Protein chains: 2
Amino acid sequence: MHEQFRQYLAQRTTISEKELDYILTHFELKHTTKNEILLSANKTCKHLYFIQKGCLRIFCIQDDGQEWTRFVAFENEFATSMPSFINQEPSMAYIQTIEPSELLAVTYNDFYKLIDRFPEWERFYRVLLEHAYVKSVKRIEEFITMDAWQMYNTTLRNCPKLSQRLSNKQYASYLGISQETLSRLKSRR
Amino acid sequence: MHEQFRQYLAQRTTISEKELDYILTHFELKHTTKNEILLSANKTCKHLYFIQKGCLRIFCIQDDGQEWTRFVAFENEFATSMPSFINQEPSMAYIQTIEPSELLAVTYNDFYKLIDRFPEWERFYRVLLEHAYVKSVKRIEEFITMDAWQMYNTTLRNCPKLSQRLSNKQYASYLGISQETLSRLKSRR
């Protein structure tokens, strides 16, 4: 049941098979339905998820009730509400499945126990963090410097899965625009 | 000339004094004037800076010419245009000094050479990355979920240095509002 994750790690780390076996015992398989809320705002996030199948979105709810999708992760990616997970403090964001998903969940305590024990695992996490950080900063920089049309085209080019697998409402909330504007951009293209 | 940085590292890592000596030889002292541009957009960022004195801001220029300040770092903090530094690709952001500053600069090549060589240095960087990532995500989540008045008060409470050391124009660009709106918020308080 962890085979996909094992392959993913074997391709990216030099962790021995024996250590990998041990690491994998800390990841628990979880099947979800579509649109399942895994974490609500103001709750502390206890898990980091690896996605074997399906996708997760991290979103915030604005004062006026509008949703803003900060991040979407697909197969072979990790996702959680990072500030809440790292600092073990209440989350500003929600975590929700977009499709029925197959996840591998590791708890905060187990995750950091593995980091203290295996330098290779720490290195793997460091590189993961770099990618996540870069993605997050690029996302905000695009959000700030681009208008809706540029954002729409850049997103379509860099991550076509988003428009294919998110609902119109979710996709609009990822682009930070209304569903009406999204429809206009689609017909303009 | 590296004494402040040495103390900073000694308090946060278990790197031996000998290793620390070696690490420090890779950080070059740089004195800057006020408002000096250390990196322009579309250039690849070659340096990571530790601030011994002064402050740096990372900002983007929007389509309409407006500046948006993504991040400000003060004494005893690191700063760079992270996506550009990590991936060695053109930066979307500018790096500018806000005050005359005393910086310690390490090159990309030296920084990653040190990471490969010293596990303790990698751990130090991993924790630094976690903080930077959390800060970046919180910043965007606050930006999305808060109105100008909430943002103004939260920023004043969490980082009073920003209003004290940035110009009105820079501070407004950090809050994502016009200088006129900032003046209104100040008098409302």
# chains A, B, ... in the order shown; residues from 1 in each chain; ligands from 1
>>> select_by_dssp(residues="range 16-155 of chain B", states="strand (DSSP E)", output="JSON, numbers by chain")
{"B": [28, 29, 30, 31, 37, 38, 39, 47, 48, 49, 50, 51, 52, 53, 56, 57, 58, 59, 60, 61, 67, 68, 69, 70, 71, 72, 73, 78, 79, 94, 95, 96, 97, 102, 103, 104, 105, 106, 107]}
>>> closest_atom_pairs(of="range 62-98 of chain B", to="range 123-144 of chain A", cutoff="10 Å", atoms="only C-alpha atoms", output="CSV")
residue,atom,partner,partner_atom,distance
B:Gln62,CA,A:Ile144,CA,6.4
B:Asp63,CA,A:Ile144,CA,8.9
B:Gln66,CA,A:Ile144,CA,10.0
B:Glu67,CA,A:Ile144,CA,9.4
B:Trp68,CA,A:Ile144,CA,7.4
B:Thr69,CA,A:Ile144,CA,10.0
B:Arg70,CA,A:Glu141,CA,8.1
B:Ser81,CA,A:Val137,CA,9.3
B:Met82,CA,A:Val134,CA,6.7
B:Pro83,CA,A:Val134,CA,4.7
B:Ser84,CA,A:Val134,CA,8.4
B:Phe85,CA,A:Val134,CA,9.6
B:Ile86,CA,A:Glu130,CA,7.3
B:Asn87,CA,A:Val134,CA,8.5
B:Ser91,CA,A:Lys138,CA,9.6
B:Met92,CA,A:Glu141,CA,7.0
B:Ala93,CA,A:Glu141,CA,7.8
>>> write_last_selection(atoms="all heavy atoms", output="short mmCIF file (atom, residue, chain, number, x, y, z; two decimals), in the first residue's frame")
data_model
loop_
_atom_site.label_atom_id
_atom_site.label_comp_id
_atom_site.auth_asym_id
_atom_site.auth_seq_id
_atom_site.Cartn_x
_atom_site.Cartn_y
_atom_site.Cartn_z
N GLN B 62 4.58 46.30 -9.71
CA GLN B 62 3.37 45.85 -10.40
C GLN B 62 3.26 46.48 -11.78
O GLN B 62 3.98 47.42 -12.10
CB GLN B 62 2.14 46.21 -9.54
CG GLN B 62 2.09 45.41 -8.24
CD GLN B 62 1.13 46.00 -7.23
OE1 GLN B 62 1.52 46.82 -6.39
NE2 GLN B 62 -0.12 45.58 -7.28
N ASP B 63 2.35 45.94 -12.57
CA ASP B 63 2.14 46.42 -13.94
C ASP B 63 1.92 47.93 -14.02
O ASP B 63 2.38 48.59 -14.95
CB ASP B 63 0.90 45.73 -14.54
CG ASP B 63 1.34 44.58 -15.45
OD1 ASP B 63 2.56 44.37 -15.58
OD2 ASP B 63 0.47 43.91 -16.02
N GLN B 66 3.27 50.50 -9.48
CA GLN B 66 3.23 50.49 -8.01
C GLN B 66 4.21 49.46 -7.46
O GLN B 66 4.32 48.36 -8.00
CB GLN B 66 1.83 50.13 -7.52
CG GLN B 66 0.79 51.24 -7.63
CD GLN B 66 0.99 52.32 -6.60
OE1 GLN B 66 1.39 52.04 -5.48
NE2 GLN B 66 0.73 53.56 -6.98
N GLU B 67 4.87 49.80 -6.35
CA GLU B 67 5.73 48.83 -5.68
C GLU B 67 4.93 48.04 -4.64
O GLU B 67 4.00 48.57 -4.02
CB GLU B 67 6.86 49.56 -4.95
CG GLU B 67 7.85 50.20 -5.90
CD GLU B 67 8.98 50.92 -5.17
OE1 GLU B 67 9.02 50.89 -3.93
OE2 GLU B 67 9.81 51.53 -5.86
N TRP B 68 5.28 46.79 -4.47
CA TRP B 68 4.71 45.99 -3.38
C TRP B 68 5.85 45.33 -2.63
O TRP B 68 6.63 44.57 -3.22
CB TRP B 68 3.74 44.92 -3.90
CG TRP B 68 3.02 44.24 -2.77
CD1 TRP B 68 2.00 44.76 -2.03
CD2 TRP B 68 3.25 42.94 -2.23
NE1 TRP B 68 1.59 43.86 -1.07
CE2 TRP B 68 2.36 42.73 -1.17
CE3 TRP B 68 4.15 41.91 -2.53
CZ2 TRP B 68 2.31 41.56 -0.41
CZ3 TRP B 68 4.11 40.75 -1.78
CH2 TRP B 68 3.19 40.58 -0.74
N THR B 69 6.00 45.68 -1.34
CA THR B 69 7.10 45.15 -0.53
C THR B 69 6.70 43.81 0.04
O THR B 69 5.76 43.72 0.84
CB THR B 69 7.46 46.16 0.58
OG1 THR B 69 7.89 47.38 -0.04
CG2 THR B 69 8.56 45.61 1.47
N ARG B 70 7.39 42.76 -0.40
CA ARG B 70 7.04 41.41 0.04
C ARG B 70 7.61 41.10 1.40
O ARG B 70 6.99 40.40 2.20
CB ARG B 70 7.55 40.39 -0.99
CG ARG B 70 7.30 38.96 -0.58
CD ARG B 70 7.47 37.97 -1.69
NE ARG B 70 8.83 37.86 -2.21
CZ ARG B 70 9.86 37.29 -1.56
NH1 ARG B 70 9.70 36.82 -0.35
NH2 ARG B 70 11.05 37.21 -2.12
N SER B 81 16.51 37.18 -2.55
CA SER B 81 15.35 36.84 -3.36
C SER B 81 15.38 35.31 -3.51
O SER B 81 16.04 34.77 -4.38
CB SER B 81 15.45 37.50 -4.73
OG SER B 81 14.41 37.03 -5.56
N MET B 82 14.73 34.63 -2.59
CA MET B 82 14.92 33.19 -2.41
C MET B 82 14.69 32.34 -3.66
O MET B 82 15.51 31.47 -3.97
CB MET B 82 14.09 32.67 -1.24
CG MET B 82 14.87 32.65 0.08
SD MET B 82 16.33 31.54 -0.02
CE MET B 82 16.74 31.35 1.69
N PRO B 83 13.57 32.55 -4.39
CA PRO B 83 13.37 31.70 -5.57
C PRO B 83 14.53 31.82 -6.55
O PRO B 83 15.00 30.82 -7.10
CB PRO B 83 12.08 32.24 -6.19
CG PRO B 83 11.36 32.88 -5.05
CD PRO B 83 12.43 33.45 -4.18
N SER B 84 15.01 33.04 -6.74
CA SER B 84 16.10 33.26 -7.67
C SER B 84 17.40 32.66 -7.15
O SER B 84 18.16 32.03 -7.89
CB SER B 84 16.27 34.77 -7.90
OG SER B 84 17.38 35.03 -8.70
N PHE B 85 17.65 32.81 -5.86
CA PHE B 85 18.88 32.28 -5.25
C PHE B 85 18.87 30.75 -5.29
O PHE B 85 19.84 30.12 -5.73
CB PHE B 85 19.01 32.78 -3.81
CG PHE B 85 20.25 32.31 -3.10
CD1 PHE B 85 21.49 32.87 -3.39
CD2 PHE B 85 20.19 31.30 -2.15
CE1 PHE B 85 22.64 32.43 -2.74
CE2 PHE B 85 21.34 30.85 -1.50
CZ PHE B 85 22.56 31.42 -1.80
N ILE B 86 17.79 30.14 -4.86
CA ILE B 86 17.72 28.67 -4.78
C ILE B 86 17.80 28.04 -6.16
O ILE B 86 18.53 27.08 -6.39
CB ILE B 86 16.43 28.22 -4.04
CG1 ILE B 86 16.55 28.54 -2.54
CG2 ILE B 86 16.17 26.72 -4.25
CD1 ILE B 86 15.28 28.28 -1.73
N ASN B 87 17.04 28.57 -7.11
CA ASN B 87 17.00 27.96 -8.45
C ASN B 87 17.99 28.57 -9.44
O ASN B 87 18.06 28.13 -10.58
CB ASN B 87 15.58 28.08 -9.04
CG ASN B 87 14.59 27.20 -8.31
OD1 ASN B 87 14.98 26.24 -7.65
ND2 ASN B 87 13.31 27.53 -8.42
N SER B 91 15.18 36.79 -11.09
CA SER B 91 14.33 37.17 -9.97
C SER B 91 13.13 37.99 -10.43
O SER B 91 13.25 38.78 -11.37
CB SER B 91 15.17 38.00 -8.98
OG SER B 91 14.37 38.50 -7.94
N MET B 92 11.97 37.80 -9.80
CA MET B 92 10.85 38.70 -10.06
C MET B 92 10.96 39.94 -9.17
O MET B 92 10.30 40.93 -9.41
CB MET B 92 9.52 37.99 -9.78
CG MET B 92 9.22 36.87 -10.77
SD MET B 92 7.59 36.12 -10.47
CE MET B 92 6.49 37.41 -11.10
N ALA B 93 11.77 39.83 -8.12
CA ALA B 93 11.81 40.89 -7.10
C ALA B 93 13.14 41.64 -7.12
O ALA B 93 14.13 41.17 -7.66
CB ALA B 93 11.60 40.27 -5.73
#
>>> closest_residue(among="A:Ile23, A:Lys169, A:Asn76, A:Gln88", to="Cys45 in chain A", atoms="only C-alpha atoms")
A:Gln88
>>> closest_residue(among="A:Ser178, A:Phe118, A:Leu185, A:Arg165", to="Ser16 in chain A", atoms="only C-alpha atoms")
A:Phe118
>>> residues_around(residues="range 28-42 of chain A", least_positions_apart="3", cutoff="6 Å", atoms="only C-alpha atoms", output="PyMOL selection string")
chain A and resi 90-105
>>> select_by_dssp(residues="range 8-179 of chain A", states="alpha helix (DSSP H)", output="number ranges by chain")
A: 8-12, 17-24, 82-87, 108-117, 119-145, 148-158, 160-165, 168-175, 179
>>> closest_residue(among="A:Ile51, A:Ala148, A:Leu9, A:Ile15", to="chain B", atoms="only C-alpha atoms")
A:Ala148
>>> closest_residue(among="B:Tyr8, B:Tyr49, B:Tyr22, B:Phe59", to="chain A", atoms="only C-alpha atoms")
B:Phe59
>>> closest_residue(among="B:Lys53, B:Cys60, B:His2, B:His26", to="chain A", atoms="only C-alpha atoms")
B:Cys60
>>> atom_distance(atom1="CA of Glu77 in chain A", atom2="CA of Gln52 in chain A")
8.1 Å
>>> atom_distance(atom1="CA of Phe5 in chain B", atom2="CA of Asp21 in chain B")
11.1 Å
>>> closest_residue(among="B:Lys18, B:Phe111, B:Thr145, B:Val106", to="chain A", atoms="only C-alpha atoms")
B:Thr145
